[in-house]
Structure formats: structure tokens, C-alpha cells
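Participant: Can you keep this structure in mind? I'll have questions shortly.
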Amino acid sequence: WSARLETARASTMVLQAIFALAAVTLVAAGSTGDLGREAASPSPRGVDPAAATAYPALDARTKFTCDGGGTSVDVARINDEYCDCKDGTDEPGTSACLNGVFHCRNRGHQPKKLPASQVNDGVCDCCDGSDEHGGRVQCGNACGALGASFREELAETVRRAREGVDKKRVLVAAAPAKREAWQKDIARLTKEIDRQTLKTEKAMKLKSNAERAEKAANSAAEALTKLQEAKEAVEAAAKKLEDAEKDPDPAATADAVDAADAADAVDAAD
């Protein structure tokens with residue numbers, strides 16, 4: 001279920017990306033990309049099209065209402081570089097109101113909102129250049145190129161998302177069989193580990209017994225060597241004693257006594 005949920009989420013992301021691409025493409029398709037059309041718009045400069053109905057035609061005799069209905073001004077006072085409304089809505093296309101908001105239509109790309117302080121400040125913030133209409137700086141219209149680049153990136157995102165969803169579906173479809181195979185592998189490996197554990201324990205016991213046997217063998221070999229040395233010393237003393245008995249020289253007798261003492265010492269040590 002978790003894998004299916006992830007697949008559904010991925011599919012939703014693909015749909016969202018497709019809808020976004022379609023929306024941007026429609027905007028680009030309906031765009032002429034020139035500032036002349038912006039200037040010819042029936043709503044005042046800087047007004048979000050979604051709020052255009054709040055602004056009467058420039059030649060209308062009606063008043064413009066702002067501040068939640070608390071203030072009314074002549075239509076001619078809209079964008080006159082003087083802030084009449086506390087909410088700043090009478091100056092959508094100038095920097096007169098500190099809390100004003102300028103809407104960049106950016107036909108061919110994505111719309112953008114700017115604080116009023118960025119209008120006619122000498123910096124081209126809107127890709128269509130509409131925020132710099134005061135003549136301080138000349139801004140070109142880069143919305144077409146930016147929009148095209150953005151749509152290419154979005155199309156690539158959609159392509160990769162679709163590819164990811166397809167791979168996810170294949171993975172989810174193969175998951176039950178893989179899971180069953182892995183469970184069998186786990187059971188098999190668990191048994192092999194148990195068998196290998198027993199073998200290892202037996203081998204460690206054999207190693208321990210072998211180390212004890214080796215130690216005993218070394219001790220026996222050392223004892224044997226000492227016994228052989230003692231035997232050789234006794235045999236040498238006996239030989240000298242026998243020679244001394246046959247030789248009347250007192251020096252030979254002294255050597256025989258020394259050899260006998262040495263043999264007794266070796267025998268006592270063993």
C-alpha cells in the first residue's frame with residue numbers, strides 16, 4: 001500500500017506539472033509581448049487584472065472607492081503620483097504610496113508583484129519593463145525569452161516526472177515477486193548462518209584443545225630434554241669415576257669427584 005501511495009503522489013505531481021505547463025503555454029500563446037498593448041489596457045497601469053473591475057474607466061464620471069469604501073476619489077486621481085487612499089490602491093502604477101503594489105503582467109512569462117518602492121527606481125524588475133515607465137531607464141522586454149526558457153525547463157520536469165512514474169509503476173508491479181524471493185533468501189541465509197555458527201564453535205573448541213595439547217607437548221619435550229641432559233651428566237661422571245679408579249694420578253681422581261658432584265646436582269634439579 002505504501003508503494004501504491006507513493007506512485008499516486010508521483011502521478012499527482014506529474015499532473016500538477018502538466019497543468020502548470022499548460023497554463024504558462026496559454027499565457028505565452030495569448031501574448032503579443034509589447035508594451036504598447038500594456039499601455040492600451042483599459043485598466044490603469046500596475047493593476048492586477050483580477051482586480052481590474054474595481055477601477056472604473058478613465059473617462060467615467062463615477063468615483064474610485066478605496067479604503068474599504070471609506071474614501072472616494074475622482075478617477076483622474078488614479079496614478080497621479082499622489083497617495084489619496086490609505087490602502088495605496090489609487091496608485092497601483094507609481095511609487096507614491098508606501099504600501100502600494102505594482103503588478104507586472106509579463107505577458108509570455110509569469111506575472112509578478114512588486115512593492116511600490118521599486119517602481120521607477122531605475123532598476124528593471126519586470127521582464128516586460130512596465131515598472132520603469134518614467135523614462136529614467138529604458139527596459140527591454142525579455143518575457144518572451146524567459147518564458148520560453150521556463151517552459152522548456154517545465155517540460156523537462158514533466159518528462160522526468162513521467163519517466164519516474166513509469167519506473168515507479170514497474171517497481172511496484174515487480175515488488176510482490178521480489179519481496180517473496182527476498183524472504184526466501186533471508187530464510188535460506190538464516191539457516192546457513194546457524195550451520196556456520198555451529199561449525200565455528202566446533203572449530204574454536206578444536207583450536208582450544210589443540211593449543212592445550214601443544215602446550216602439554218612442549219612441556220613434555222622440555223622435561224625429556226632435561227632428563228636426557230641428566231642422563232648424559234651421570235654417564236659422564238660414571239665414566240670419569242671408572243677412569244679414576246684405573247688411573248693412579250690424583251688429578252684424575254679430583255676430576256671424577258667434580259663430575260660426580262655435577263651429576264648429583266643435575267639429578268637433584270630434575
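In the C-alpha cells, chains take the letters A, B, ... in the order shown, each chain's residues start at 1, and ligands count up from 1 in the order shown.
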Check the DSSP output for the backbone and give back, as JSON, numbers by chain, the residues of range 69-184 of chain A in strand (DSSP E or B).
Facilitator: {"A": [71, 72, 73, 74, 101, 102, 103, 104, 112, 113, 114, 115]}
Participant: May I ask for the distance between CA of Val75 in chain A and CA of Ala96 in chain A, given in Å to one decimal place?
Facilitator: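 Distance reported for this atom pair: 16.2 Å.
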Participant: Please identify all polymer residues within 12 Å of Ala52 in chain A, counting only C-alpha atoms, omitting same-chain residues fewer than 6 positions from it, and present them as a list in words.
Facilitator: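 Residues meeting the cut-off are Ser41, Pro42, Ser43, Pro44, Arg45, Gly46, Phe64, Thr89, Pro92 and His103 of chain A.
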Participant: Which residue out of A:Asn209, A:Gln110, A:Thr65, A:Asp121 has the minimum interatomic distance to Thr53 in chain A when only C-alpha atoms are used?
Facilitator: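 With only C-alpha atoms as the atom set, the closest residue is A:Thr65.
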Participant: Please provide the set of residues having any atom within 8 Å of Asp90 in chain A, restricted to only C-alpha atoms, with same-chain residues fewer than 6 positions apart removed, written as a VMD selection string.
Facilitator: chain A and resid 64 66 77 to 79 83 to 84
Participant: Run DSSP on the backbone and grab whatever in range 37-178 of chain A lands in alpha helix (DSSP H); send it over as a count of residues only.
Facilitator: 39
Participant: Which value, in Å to one decimal, gives the distance between CA of Val101 in chain A and CA of Asn120 in chain A?
Facilitator: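 Answer for the CA of Val101 in chain A to CA of Asn120 in chain A separation: 12.9 Å.
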